[in-house]
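File shown: coords-v2.txt (compact mmCIF, C-alpha atoms and all ligand atoms).
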```
# COMPACT_ATOMS: atom_id res chain seq x y z
CA MET A 16 83.24 148.94 20.68
CA PRO A 17 80.09 149.86 22.61
CA ALA A 18 79.25 147.34 25.32
CA GLY A 19 76.39 145.15 24.17
CA ASP A 20 77.07 144.15 20.58
CA GLU A 21 79.76 141.49 20.69
CA GLY A 22 79.18 137.76 20.83
CA CYS A 23 75.38 137.93 21.05
CA PRO A 24 73.18 135.10 19.87
CA THR A 25 72.00 135.57 16.29
CA GLY A 26 68.63 134.61 14.87
CA ARG A 27 65.42 136.30 15.73
CA THR A 28 63.64 135.22 18.93
CA ARG A 29 60.14 136.27 19.94
CA LEU A 30 59.05 136.44 23.57
CA ALA A 31 55.27 135.97 23.46
CA ALA A 32 54.12 137.38 26.79
CA GLY A 33 50.92 137.56 28.76
CA ALA A 34 51.89 141.19 29.23
CA VAL A 35 54.83 143.40 28.22
CA VAL A 36 55.68 146.02 30.83
CA THR A 37 57.84 148.30 28.71
CA GLY A 38 59.20 150.36 31.59
CA ASP A 39 58.84 153.61 29.66
CA ALA A 40 58.03 156.86 31.45
CA ALA A 41 54.36 156.64 30.48
CA GLY A 42 54.02 153.19 32.07
CA SER A 43 53.03 151.58 28.74
CA ILE A 44 51.90 147.95 28.93
CA TRP A 45 50.90 145.63 26.07
CA ARG A 46 48.56 142.85 27.24
CA PRO A 47 49.21 140.40 25.59
CA GLY A 48 52.35 141.52 23.80
CA VAL A 49 55.55 140.46 22.08
CA VAL A 50 59.22 141.37 22.35
CA ASP A 51 61.37 140.43 19.33
CA ILE A 52 65.12 140.07 19.86
CA ASP A 53 67.89 139.85 17.28
CA GLY A 54 71.67 140.11 17.70
CA GLY A 55 71.43 140.95 21.39
CA ARG A 56 69.07 143.88 20.89
CA ILE A 57 65.34 144.40 20.89
CA VAL A 58 63.99 144.89 17.38
CA HIS A 59 60.25 145.09 18.01
CA VAL A 60 57.89 145.58 20.96
CA GLY A 61 54.12 145.80 20.78
CA PRO A 62 50.73 144.18 21.20
CA SER A 63 50.29 140.61 19.95
CA SER A 64 47.40 141.69 17.75
CA SER A 65 49.60 143.80 15.48
CA ALA A 66 52.87 141.86 15.75
CA PRO A 67 54.83 141.49 12.49
CA GLU A 68 55.13 138.08 10.87
CA HIS A 69 57.72 135.96 12.69
CA HIS A 70 59.67 132.94 11.41
CA GLY A 71 62.21 132.42 14.17
CA ARG A 72 62.02 130.82 17.60
CA THR A 73 59.11 131.75 19.88
CA VAL A 74 59.39 131.51 23.67
CA ALA A 75 56.13 131.45 25.61
CA CYS A 76 56.20 133.82 28.62
CA PRO A 77 52.75 133.38 30.17
CA GLY A 78 53.43 135.91 32.93
CA LEU A 79 54.80 139.37 32.18
CA VAL A 80 58.09 140.46 30.68
CA MET A 81 59.85 143.61 31.82
CA PRO A 82 63.28 145.27 31.53
CA GLY A 83 66.07 143.74 33.61
CA LEU A 84 66.70 145.49 36.93
CA VAL A 85 69.80 147.68 37.18
CA ASN A 86 71.82 147.75 40.40
CA THR A 87 73.67 151.08 40.35
CA HIS A 88 75.83 150.57 43.42
CA GLY A 89 77.34 147.34 44.62
CA HIS A 90 80.43 145.68 46.02
CA SER A 91 79.17 142.22 45.22
CA PRO A 92 82.39 140.26 45.93
CA MET A 93 81.58 141.15 49.55
CA THR A 94 79.38 138.06 49.55
CA LEU A 95 82.62 136.85 51.19
CA LEU A 96 81.94 139.25 54.10
CA ARG A 97 78.17 138.91 54.37
CA GLY A 98 77.16 139.38 58.00
CA VAL A 99 80.54 140.73 59.15
CA GLY A 100 80.54 143.57 61.71
CA GLU A 101 76.83 143.43 62.47
CA GLY A 102 75.57 146.42 64.46
CA LEU A 103 78.58 148.71 63.93
CA PRO A 104 78.15 152.25 62.55
CA LEU A 105 79.73 152.88 59.13
CA ASP A 106 83.07 154.26 60.28
CA ARG A 107 83.82 151.50 62.81
CA TRP A 108 82.32 148.86 60.51
CA LEU A 109 84.79 149.84 57.75
CA ARG A 110 87.87 150.31 59.93
CA HIS A 111 87.47 147.43 62.37
CA ALA A 112 85.56 144.76 60.47
CA ILE A 113 85.78 145.20 56.71
CA TRP A 114 89.14 146.72 55.78
CA PRO A 115 91.23 144.32 57.93
CA ARG A 116 89.65 141.34 56.12
CA GLU A 117 89.94 142.99 52.71
CA ALA A 118 93.69 143.31 53.24
CA HIS A 119 93.85 139.49 52.98
CA LEU A 120 91.77 139.13 49.81
CA THR A 121 93.25 137.33 46.79
CA PRO A 122 92.06 137.68 43.17
CA GLU A 123 90.60 134.16 43.42
CA ASP A 124 88.58 135.20 46.48
CA VAL A 125 87.17 138.15 44.56
CA PHE A 126 86.40 135.96 41.54
CA TRP A 127 84.35 133.53 43.62
CA GLY A 128 82.70 136.28 45.68
CA MET A 129 81.66 138.07 42.48
CA THR A 130 80.55 134.81 40.85
CA LEU A 131 78.23 134.06 43.77
CA GLY A 132 76.99 137.66 43.62
CA CYS A 133 76.26 137.32 39.89
CA GLY A 134 74.31 134.14 40.54
CA GLU A 135 72.29 135.87 43.25
CA MET A 136 71.59 138.97 41.15
CA LEU A 137 70.70 137.16 37.92
CA ARG A 138 68.36 134.86 39.83
CA CYS A 139 66.59 138.02 41.10
CA GLY A 140 66.30 139.54 37.61
CA VAL A 141 69.17 142.02 38.06
CA THR A 142 70.82 142.05 34.64
CA THR A 143 73.34 144.87 35.21
CA SER A 144 75.32 146.05 38.18
CA CYS A 145 77.87 148.74 38.90
CA GLU A 146 80.70 147.24 40.92
CA THR A 147 83.36 149.03 42.91
CA TYR A 148 85.94 146.71 44.42
CA PHE A 149 89.55 145.50 44.21
CA HIS A 150 91.29 142.85 42.08
CA ASP A 151 89.11 144.13 39.26
CA THR A 152 90.39 141.74 36.60
CA ALA A 153 88.81 138.99 38.69
CA VAL A 154 85.53 140.97 38.77
CA VAL A 155 85.63 141.28 34.97
CA ASP A 156 86.34 137.54 34.56
CA ALA A 157 83.48 136.63 36.89
CA VAL A 158 80.85 138.81 35.19
CA VAL A 159 81.88 137.65 31.71
CA GLU A 160 81.66 133.99 32.76
CA ALA A 161 78.29 134.63 34.38
CA GLY A 162 76.97 136.46 31.31
CA MET A 163 76.01 139.52 33.35
CA ARG A 164 76.31 143.15 32.28
CA CYS A 165 78.56 145.24 34.50
CA LEU A 166 80.09 148.67 34.88
CA VAL A 167 83.32 147.81 36.70
CA THR A 168 84.68 150.82 38.58
CA PRO A 169 87.98 149.88 40.24
CA GLY A 170 88.04 151.05 43.84
CA ILE A 171 90.64 153.72 44.63
CA LEU A 172 91.49 154.16 48.31
CA ASP A 173 94.32 155.58 50.35
CA ILE A 174 94.28 154.07 53.77
CA PRO A 175 97.76 153.09 54.98
CA GLY A 176 97.89 149.73 56.70
CA THR A 177 94.26 148.76 56.34
CA GLY A 178 93.20 148.81 52.70
CA PRO A 179 94.45 146.69 49.87
CA GLY A 180 98.02 147.86 50.39
CA ARG A 181 98.66 150.16 47.45
CA GLY A 182 98.63 153.94 47.19
CA TRP A 183 96.00 155.84 45.22
CA ARG A 184 98.33 156.67 42.32
CA ALA A 185 99.08 153.02 41.60
CA MET A 186 95.40 152.16 41.91
CA LEU A 187 94.40 154.96 39.52
CA ASP A 188 97.04 153.87 36.99
CA ALA A 189 95.80 150.28 37.24
CA ALA A 190 92.23 151.46 36.66
CA GLY A 191 93.33 153.24 33.49
CA GLU A 192 95.07 150.05 32.33
CA LEU A 193 91.98 147.98 33.04
CA HIS A 194 89.93 150.43 30.96
CA ALA A 195 92.29 149.90 28.03
CA GLU A 196 92.14 146.11 28.42
CA ALA A 197 88.57 145.30 29.38
CA ASP A 198 86.19 148.12 28.37
CA GLY A 199 83.64 146.56 26.01
CA ARG A 200 84.70 142.97 26.75
CA ALA A 201 82.19 140.34 25.61
CA GLY A 202 79.72 143.14 24.96
CA LEU A 203 79.03 143.08 28.71
CA VAL A 204 81.72 145.07 30.49
CA SER A 205 82.27 148.80 30.77
CA VAL A 206 85.11 150.14 32.90
CA GLY A 207 84.82 153.33 34.94
CA LEU A 208 86.58 154.68 38.02
CA GLY A 209 85.63 154.24 41.69
CA PRO A 210 87.44 156.71 43.97
CA HIS A 211 85.99 155.65 47.31
CA ALA A 212 85.00 158.97 48.91
CA ALA A 213 86.21 162.48 49.64
CA TYR A 214 86.92 161.53 53.26
CA THR A 215 89.20 158.61 52.31
CA LEU A 216 91.27 160.30 49.57
CA PRO A 217 93.35 163.48 49.39
CA VAL A 218 92.05 166.30 47.18
CA GLU A 219 94.92 165.64 44.79
CA ALA A 220 93.69 162.08 44.24
CA LEU A 221 90.09 163.18 43.67
CA THR A 222 91.28 165.76 41.15
CA ALA A 223 93.39 163.19 39.30
CA ALA A 224 90.51 160.69 39.22
CA GLY A 225 88.20 163.35 37.77
CA ARG A 226 90.80 164.22 35.13
CA LEU A 227 91.26 160.57 34.10
CA ALA A 228 87.49 159.98 33.93
CA ARG A 229 87.18 162.95 31.58
CA GLU A 230 90.08 161.73 29.43
CA LEU A 231 88.54 158.27 29.15
CA ASP A 232 84.99 159.67 28.85
CA THR A 233 83.90 157.13 31.42
CA ILE A 234 81.80 157.16 34.59
CA LEU A 235 83.32 158.06 37.92
CA THR A 236 81.40 156.74 40.90
CA ILE A 237 82.03 157.96 44.43
CA HIS A 238 80.42 157.54 47.86
CA LEU A 239 78.93 160.95 48.63
CA ALA A 240 77.29 162.29 51.80
CA GLU A 241 76.49 158.79 53.04
CA THR A 242 76.52 159.77 56.74
CA ALA A 243 75.97 163.08 58.51
CA SER A 244 79.44 163.28 59.99
CA GLU A 245 81.83 161.72 57.46
CA ASP A 246 82.94 164.97 55.85
CA HIS A 247 82.92 167.39 58.80
CA GLN A 248 86.69 167.75 58.83
CA LEU A 249 86.83 168.26 55.08
CA GLN A 250 84.03 170.82 55.16
CA ALA A 251 85.69 172.75 58.00
CA GLU A 252 88.98 172.78 56.06
CA HIS A 253 87.48 174.01 52.78
CA SER A 254 84.47 175.97 54.07
CA MET A 255 82.17 174.29 51.56
CA THR A 256 80.12 171.13 51.27
CA VAL A 257 81.66 168.10 49.61
CA PRO A 258 79.57 168.38 46.42
CA ALA A 259 80.71 172.02 46.13
CA LEU A 260 84.32 170.95 46.73
CA LEU A 261 84.10 168.23 44.07
CA ASP A 262 82.74 170.84 41.67
CA GLU A 263 85.50 173.30 42.57
CA ILE A 264 88.26 170.79 41.81
CA GLY A 265 86.70 169.70 38.50
CA VAL A 266 85.44 166.26 39.46
CA LEU A 267 81.87 167.15 38.49
CA ASP A 268 83.08 167.95 34.97
CA ALA A 269 83.27 164.17 34.54
CA ARG A 270 80.28 161.83 34.20
CA VAL A 271 79.68 161.30 37.92
CA LEU A 272 77.51 158.76 39.71
CA ALA A 273 77.17 159.64 43.40
CA ALA A 274 76.38 156.73 45.68
CA HIS A 275 74.04 157.30 48.65
CA ALA A 276 73.76 161.13 48.58
CA VAL A 277 71.83 161.11 51.87
CA TRP A 278 72.97 164.30 53.60
CA LEU A 279 72.57 167.02 50.97
CA THR A 280 71.64 170.68 51.33
CA ASP A 281 69.18 172.31 48.94
CA ALA A 282 72.16 173.95 47.21
CA ASP A 283 73.88 170.54 46.89
CA ILE A 284 70.79 169.08 45.18
CA ALA A 285 70.61 172.04 42.78
CA LEU A 286 74.32 171.59 42.04
CA LEU A 287 73.94 167.85 41.32
CA ALA A 288 71.06 168.62 38.95
CA GLU A 289 72.96 171.40 37.20
CA ARG A 290 76.10 169.30 36.78
CA ARG A 291 74.09 166.25 35.67
CA VAL A 292 75.40 164.08 38.48
CA ALA A 293 73.39 160.86 38.76
CA VAL A 294 72.58 159.32 42.13
CA ALA A 295 72.65 155.67 43.22
CA HIS A 296 69.99 155.59 45.93
CA CYS A 297 70.61 152.77 48.43
CA PRO A 298 67.70 152.92 50.89
CA GLN A 299 68.18 149.51 52.47
CA SER A 300 71.90 149.90 53.13
CA ASN A 301 71.29 153.41 54.50
CA ALA A 302 68.57 152.07 56.79
CA LYS A 303 70.57 149.07 57.99
CA LEU A 304 73.70 151.08 58.76
CA GLY A 305 71.60 153.84 60.36
CA SER A 306 72.96 156.38 57.87
CA GLY A 307 69.64 158.17 57.22
CA ILE A 308 67.03 158.52 54.48
CA ALA A 309 67.99 160.26 51.23
CA ARG A 310 65.84 163.11 49.88
CA LEU A 311 64.52 161.08 46.96
CA VAL A 312 61.52 163.30 46.18
CA ASP A 313 63.65 166.45 46.20
CA LEU A 314 66.30 164.84 43.98
CA LEU A 315 63.71 163.75 41.41
CA GLN A 316 61.92 167.11 41.50
CA ALA A 317 65.24 168.82 40.81
CA GLY A 318 65.66 166.63 37.72
CA VAL A 319 68.48 164.42 39.03
CA THR A 320 68.77 160.99 37.38
CA VAL A 321 68.31 158.41 40.15
CA GLY A 322 68.89 154.66 40.10
CA LEU A 323 68.71 152.13 42.93
CA GLY A 324 71.58 150.26 44.54
CA THR A 325 71.87 147.39 46.96
CA ASP A 326 75.34 148.41 48.15
CA GLY A 327 77.53 145.48 49.22
CA PRO A 328 76.07 142.31 50.71
CA ALA A 329 77.92 143.07 53.94
CA SER A 330 75.66 146.08 54.52
CA ASN A 331 72.27 145.06 53.15
CA ASN A 332 72.60 141.91 53.36
CA ASP A 333 71.46 140.67 49.97
CA LEU A 334 71.57 141.67 46.30
CA ASP A 335 67.82 141.47 45.74
CA LEU A 336 66.94 144.82 44.15
CA TRP A 337 63.20 144.10 44.48
CA GLU A 338 63.59 145.14 48.10
CA GLU A 339 64.98 148.56 47.11
CA LEU A 340 62.26 148.85 44.48
CA ARG A 341 59.66 148.73 47.25
CA LEU A 342 61.61 150.38 50.07
CA ALA A 343 62.52 153.51 48.07
CA PRO A 344 58.90 154.67 47.60
CA LEU A 345 57.90 153.43 51.07
CA LEU A 346 60.55 155.54 52.80
CA ALA A 347 59.92 158.52 50.52
CA ARG A 348 56.22 158.44 51.40
CA ALA A 349 56.91 157.96 55.09
CA ARG A 350 59.37 160.86 55.06
CA ALA A 351 56.94 163.13 53.21
CA ALA A 352 53.87 161.87 55.15
CA ASP A 353 52.23 161.86 51.73
CA ALA A 354 50.96 158.79 49.81
CA SER A 355 50.93 160.69 46.53
CA VAL A 356 54.70 160.96 46.12
CA ILE A 357 56.61 158.37 44.00
CA ASP A 358 53.86 156.46 42.20
CA ALA A 359 54.36 152.89 41.01
CA VAL A 360 55.53 153.89 37.51
CA SER A 361 58.15 156.23 38.98
CA ALA A 362 59.33 153.63 41.50
CA PHE A 363 59.63 150.97 38.79
CA GLY A 364 61.53 153.46 36.64
CA LEU A 365 64.16 153.96 39.35
CA ALA A 366 65.05 150.26 39.24
CA THR A 367 65.10 150.06 35.45
CA ARG A 368 65.43 153.07 33.11
CA GLY A 369 66.73 155.41 35.84
CA GLY A 370 69.48 152.93 36.69
CA ALA A 371 70.37 152.36 33.05
CA ALA A 372 70.57 156.12 32.45
CA ALA A 373 72.73 156.52 35.57
CA LEU A 374 75.17 153.90 34.23
CA GLY A 375 75.07 155.20 30.66
CA ILE A 376 73.86 151.90 29.23
CA ASP A 377 71.33 151.36 26.50
CA ALA A 378 68.93 149.23 28.54
CA GLY A 379 66.21 149.78 31.16
CA VAL A 380 63.29 150.04 28.71
CA LEU A 381 61.81 147.43 26.36
CA ALA A 382 61.99 149.36 23.11
CA PRO A 383 63.45 148.78 19.63
CA GLY A 384 67.20 149.39 19.59
CA ARG A 385 67.72 148.76 23.29
CA LEU A 386 69.84 145.94 24.67
CA ALA A 387 67.81 142.75 25.10
CA ASP A 388 68.03 142.55 28.90
CA VAL A 389 64.64 141.07 29.70
CA VAL A 390 63.02 139.41 32.72
CA HIS A 391 59.99 137.09 32.66
CA VAL A 392 58.01 137.25 35.92
CA ARG A 393 55.43 134.63 36.86
CA THR A 394 52.01 136.10 37.56
CA ASP A 395 50.24 132.84 38.49
CA ASP A 396 50.59 133.76 42.14
CA PRO A 397 48.33 135.37 44.77
CA ARG A 398 50.59 138.44 44.70
CA PHE A 399 49.33 139.20 41.17
CA VAL A 400 45.61 138.75 41.81
CA PRO A 401 43.45 140.52 40.78
CA VAL A 402 44.39 142.30 37.56
CA LEU A 403 41.46 144.38 36.35
CA ALA A 404 43.43 146.99 34.42
CA ASP A 405 46.98 147.39 33.06
CA ALA A 406 47.84 149.71 35.95
CA ASP A 407 47.21 146.85 38.40
CA LEU A 408 50.19 144.98 36.92
CA MET A 409 52.48 147.92 37.62
CA ALA A 410 51.12 148.31 41.14
CA HIS A 411 51.61 144.60 41.85
CA LEU A 412 55.17 144.69 40.48
CA VAL A 413 56.10 147.44 42.95
CA TRP A 414 53.97 146.73 45.99
CA SER A 415 53.41 142.98 46.16
CA SER A 416 55.73 141.11 43.77
CA ALA A 417 59.07 139.63 44.80
CA SER A 418 62.21 138.14 43.31
CA HIS A 419 61.10 134.51 43.78
CA LEU A 420 58.59 135.07 40.96
CA VAL A 421 61.39 135.72 38.44
CA ALA A 422 61.20 132.80 36.02
CA ASP A 423 63.50 133.57 33.08
CA VAL A 424 66.18 136.15 32.41
CA TRP A 425 68.01 137.17 29.24
CA VAL A 426 71.07 139.42 29.10
CA GLY A 427 71.84 140.71 25.62
CA GLY A 428 69.45 138.09 24.29
CA ARG A 429 71.32 135.22 25.98
CA GLN A 430 69.25 133.26 28.51
CA VAL A 431 70.94 133.09 31.93
CA VAL A 432 68.00 132.07 34.15
CA ALA A 433 65.50 129.38 33.09
CA ALA A 434 62.49 128.31 35.12
CA GLY A 435 63.81 130.11 38.19
CA VAL A 436 67.31 128.58 38.06
CA CYS A 437 70.45 130.48 37.13
CA THR A 438 71.94 128.45 34.30
CA SER A 439 75.07 130.52 33.71
CA VAL A 440 76.55 130.21 37.22
CA ASP A 441 77.25 127.05 39.24
CA THR A 442 75.87 128.58 42.43
CA VAL A 443 76.46 125.40 44.47
CA GLU A 444 80.19 125.46 43.71
CA ALA A 445 80.34 129.25 44.16
CA ALA A 446 78.68 128.97 47.58
CA ARG A 447 81.13 126.22 48.60
CA GLN A 448 84.09 128.37 47.53
CA VAL A 449 82.79 131.47 49.33
CA GLN A 450 82.09 129.51 52.53
CA ALA A 451 85.67 128.16 52.64
CA ARG A 452 87.29 131.48 51.70
CA ALA A 453 85.23 133.45 54.24
CA ALA A 454 86.40 131.07 56.95
CA ARG A 455 90.03 131.65 55.90
CA LEU A 456 89.56 135.46 56.02
CA ALA A 457 87.99 135.27 59.49
CA ALA A 458 90.91 133.14 60.71
CA ALA A 459 93.42 135.61 59.20
CA VAL A 460 92.10 138.43 61.38
CA GLY A 461 91.78 136.18 64.44
CA ARG A 462 87.98 135.95 64.58
ZN ZN B 501 79.20 151.45 48.75
```

So, in terms of structure tokens, how does the structure I just supplied come out?
Amino acid sequence: MPAGDEGCPTGRTRLAAGAVVTGDAAGSIWRPGVVDIDGGRIVHVGPSSSAPEHHGRTVACPGLVMPGLVNTHGHSPMTLLRGVGEGLPLDRWLRHAIWPREAHLTPEDVFWGMTLGCGEMLRCGVTTSCETYFHDTAVVDAVVEAGMRCLVTPGILDIPGTGPGRGWRAMLDAAGELHAEADGRAGLVSVGLGPHAAYTLPVEALTAAGRLARELDTILTIHLAETASEDHQLQAEHSMTVPALLDEIGVLDARVLAAHAVWLTDADIALLAERRVAVAHCPQSNAKLGSGIARLVDLLQAGVTVGLGTDGPASNNDLDLWEELRLAPLLARARAADASVIDAVSAFGLATRGGAAALGIDAGVLAPGRLADVVHVRTDDPRFVPVLADADLMAHLVWSSASHLVADVWVGGRQVVAAGVCTSVDTVEAARQVQARAARLAAAVGR
């Protein structure tokens, strides 16, 4: 069953909005407009003046409605590790701060970490995320309970003595089993594969992961070219870049989502475009960990599908995708020394339709037939003044809006945030659980 059609509320609902920001490539806005929802999907979008007759429930959205934001790269259960290893570069941060703690994680820890992450994301208007972590059944349970859409890509690692304590073969087998059990669950969950990176797995494991992703016709996500030095040894051994190596061993024959993709050659970018590899661009994580600035303009010009990602809350340190929505074009313009690159419509598209396309989900645009993942943003705020033309709304969304203006959120037509409060997650209890469990993890590694 395709994710998105099971267990959705029935009965037609109309969102009557001050403005409908459709999120399409043309930047279309209906002011005022309506979005009609039925069975978890959008059935009509357009201006109020020509809206069809409606007999169901009507919800007044005096601000603007827009597609839910899509987080294409996260390790959200790491809310348990938020703030850990501050100031360390990626390699030492992983080996000395993160992996030792992760070795002590239980499924219950991951459930509560993910639950808090869902509460944080939904509250910010993030309706879908792609999650790579461990104890993935707990991730699935958490997202289903929270009513959030998720591509769960079980992490596959091979680091003796530091990681979660199982070899890559067992982890790959378990990922295949999870796909059989949970793909399509509650109309919210898709299951992919998350081999960590070329520098943390043998070539044999990468090859096997690519093969399984093709067999299951699912998405394989992998950290790629995150730092300048991570793959030096691998590149010396094989005399080719890591994207070329992944192509050589068949991994790029699968549906691949490359996270970070900071340090790419021109030939790498051409290869990603040719092989239809999507990229999860994580500008804030890359900036915070000092990893570099990805070549966003070049990737888009080459025709690569790009979405935005927060990365884990231990390296960001939040799950508020509005920050990436603004930082991505800011850094791209700073890098290019050119204010004309990445306009507001393109930037907004990265966080919405680009992300949805990268994850292979039918959302990211308010249009008939798409999943009803919708966000109502308040515009009765100085950040939205003045609005003299439709284009001003788009500019304000990218350059001056912020997550605290998110008022209401629907995922598959089911309301999960009302009047700025997440109603599907008990965030007070989740925060209490994460606080206590984080303290236990710190004690376990003697910190
Ligand atoms: Zn990551």

key: From A:Thr256, A:Gln299, A:Ser63, A:Thr442, residue lying nearest ligand ZN 501 (chain B) [all atoms listed in the file]   = A:Gln299

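Comparing the minimum interatomic distances between ligand ZN 501 (chain B) and each of A:Ala451, A:Leu304, A:Ala228, A:Val424, counting only C-alpha atoms and all ligand atoms, we find that A:Leu304 sits nearest.
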
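Identified as lying at most 8 Å from ligand ZN 501 (chain B) when counting all atoms listed in the file are the residues His88, Gly89, His90, Thr147, His238, Ala274, His275, Asp326 and Gly327 of chain A.
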
Write a file of the selected residues as a JSON list (two decimals), in the coordinates of the input, keeping C-alpha atoms.
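Final output, again-v8.json:
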```json
[["chain", "number", "residue", "atom", "x", "y", "z"],
["A", 88, "HIS", "CA", 75.83, 150.57, 43.42],
["A", 89, "GLY", "CA", 77.34, 147.34, 44.62],
["A", 90, "HIS", "CA", 80.43, 145.68, 46.02],
["A", 147, "THR", "CA", 83.36, 149.03, 42.91],
["A", 238, "HIS", "CA", 80.42, 157.54, 47.86],
["A", 274, "ALA", "CA", 76.38, 156.73, 45.68],
["A", 275, "HIS", "CA", 74.04, 157.30, 48.65],
["A", 326, "ASP", "CA", 75.34, 148.41, 48.15],
["A", 327, "GLY", "CA", 77.53, 145.48, 49.22]]
```

Please identify all polymer residues within 10 Å of range 148-151 of chain A, counting only C-alpha atoms, omitting same-chain residues fewer than 6 positions from it, and present them as a PDB file with C-alpha atoms, in the frame of the given file.
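Below you can see selection14.pdb, which holds the result:
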```
ATOM      1  CA  GLY A  89      77.340 147.340  44.620  1.00  0.00           C
ATOM      2  CA  HIS A  90      80.430 145.680  46.020  1.00  0.00           C
ATOM      3  CA  SER A  91      79.170 142.220  45.220  1.00  0.00           C
ATOM      4  CA  PRO A  92      82.390 140.260  45.930  1.00  0.00           C
ATOM      5  CA  MET A  93      81.580 141.150  49.550  1.00  0.00           C
ATOM      6  CA  GLU A 117      89.940 142.990  52.710  1.00  0.00           C
ATOM      7  CA  LEU A 120      91.770 139.130  49.810  1.00  0.00           C
ATOM      8  CA  THR A 121      93.250 137.330  46.790  1.00  0.00           C
ATOM      9  CA  PRO A 122      92.060 137.680  43.170  1.00  0.00           C
ATOM     10  CA  GLU A 123      90.600 134.160  43.420  1.00  0.00           C
ATOM     11  CA  ASP A 124      88.580 135.200  46.480  1.00  0.00           C
ATOM     12  CA  VAL A 125      87.170 138.150  44.560  1.00  0.00           C
ATOM     13  CA  PHE A 126      86.400 135.960  41.540  1.00  0.00           C
ATOM     14  CA  MET A 129      81.660 138.070  42.480  1.00  0.00           C
ATOM     15  CA  ALA A 157      83.480 136.630  36.890  1.00  0.00           C
ATOM     16  CA  VAL A 167      83.320 147.810  36.700  1.00  0.00           C
ATOM     17  CA  THR A 168      84.680 150.820  38.580  1.00  0.00           C
ATOM     18  CA  PRO A 169      87.980 149.880  40.240  1.00  0.00           C
ATOM     19  CA  GLY A 170      88.040 151.050  43.840  1.00  0.00           C
ATOM     20  CA  ILE A 171      90.640 153.720  44.630  1.00  0.00           C
ATOM     21  CA  LEU A 172      91.490 154.160  48.310  1.00  0.00           C
ATOM     22  CA  GLY A 178      93.200 148.810  52.700  1.00  0.00           C
ATOM     23  CA  PRO A 179      94.450 146.690  49.870  1.00  0.00           C
ATOM     24  CA  MET A 186      95.400 152.160  41.910  1.00  0.00           C
ATOM     25  CA  ALA A 189      95.800 150.280  37.240  1.00  0.00           C
ATOM     26  CA  ALA A 190      92.230 151.460  36.660  1.00  0.00           C
ATOM     27  CA  LEU A 193      91.980 147.980  33.040  1.00  0.00           C
ATOM     28  CA  ALA A 197      88.570 145.300  29.380  1.00  0.00           C
ATOM     29  CA  VAL A 206      85.110 150.140  32.900  1.00  0.00           C
ATOM     30  CA  GLY A 209      85.630 154.240  41.690  1.00  0.00           C
ATOM     31  CA  HIS A 211      85.990 155.650  47.310  1.00  0.00           C
ATOM     32  CA  GLY A 327      77.530 145.480  49.220  1.00  0.00           C
TER      33      GLY A 327
END
```

message = (73.7, 133.6, 36.9) in this file's frame - what residues fall within 10 Å of it? Use only C-alpha atoms and give the answer as a PyMOL selection string.
response = chain A and resi 130-142+158+160-163+424+430-433+436-442

Please produce a file of those selected residues containing C-alpha atoms, as a PDB file, in the coordinates of the input.
```pdb
ATOM      1  CA  THR A 130      80.550 134.810  40.850  1.00  0.00           C
ATOM      2  CA  LEU A 131      78.230 134.060  43.770  1.00  0.00           C
ATOM      3  CA  GLY A 132      76.990 137.660  43.620  1.00  0.00           C
ATOM      4  CA  CYS A 133      76.260 137.320  39.890  1.00  0.00           C
ATOM      5  CA  GLY A 134      74.310 134.140  40.540  1.00  0.00           C
ATOM      6  CA  GLU A 135      72.290 135.870  43.250  1.00  0.00           C
ATOM      7  CA  MET A 136      71.590 138.970  41.150  1.00  0.00           C
ATOM      8  CA  LEU A 137      70.700 137.160  37.920  1.00  0.00           C
ATOM      9  CA  ARG A 138      68.360 134.860  39.830  1.00  0.00           C
ATOM     10  CA  CYS A 139      66.590 138.020  41.100  1.00  0.00           C
ATOM     11  CA  GLY A 140      66.300 139.540  37.610  1.00  0.00           C
ATOM     12  CA  VAL A 141      69.170 142.020  38.060  1.00  0.00           C
ATOM     13  CA  THR A 142      70.820 142.050  34.640  1.00  0.00           C
ATOM     14  CA  VAL A 158      80.850 138.810  35.190  1.00  0.00           C
ATOM     15  CA  GLU A 160      81.660 133.990  32.760  1.00  0.00           C
ATOM     16  CA  ALA A 161      78.290 134.630  34.380  1.00  0.00           C
ATOM     17  CA  GLY A 162      76.970 136.460  31.310  1.00  0.00           C
ATOM     18  CA  MET A 163      76.010 139.520  33.350  1.00  0.00           C
ATOM     19  CA  VAL A 424      66.180 136.150  32.410  1.00  0.00           C
ATOM     20  CA  GLN A 430      69.250 133.260  28.510  1.00  0.00           C
ATOM     21  CA  VAL A 431      70.940 133.090  31.930  1.00  0.00           C
ATOM     22  CA  VAL A 432      68.000 132.070  34.150  1.00  0.00           C
ATOM     23  CA  ALA A 433      65.500 129.380  33.090  1.00  0.00           C
ATOM     24  CA  VAL A 436      67.310 128.580  38.060  1.00  0.00           C
ATOM     25  CA  CYS A 437      70.450 130.480  37.130  1.00  0.00           C
ATOM     26  CA  THR A 438      71.940 128.450  34.300  1.00  0.00           C
ATOM     27  CA  SER A 439      75.070 130.520  33.710  1.00  0.00           C
ATOM     28  CA  VAL A 440      76.550 130.210  37.220  1.00  0.00           C
ATOM     29  CA  ASP A 441      77.250 127.050  39.240  1.00  0.00           C
ATOM     30  CA  THR A 442      75.870 128.580  42.430  1.00  0.00           C
TER      31      THR A 442
END
```

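Between CA of Pro104 in chain A and CA of Ser306 in chain A lies a distance of 8.1 Å.
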
ask   = Residues at most 12 Å from range 282-290 of chain A, counting only C-alpha atoms, excluding those fewer than 5 positions away in the same chain, as JSON, numbers by chain?
value = {"A": [239, 240, 255, 256, 257, 258, 259, 260, 261, 262, 263, 265, 266, 267, 268, 269, 270, 271, 272, 273, 276, 277, 309, 310, 311, 312, 313, 314, 315, 316, 317, 318, 319, 320, 321]}
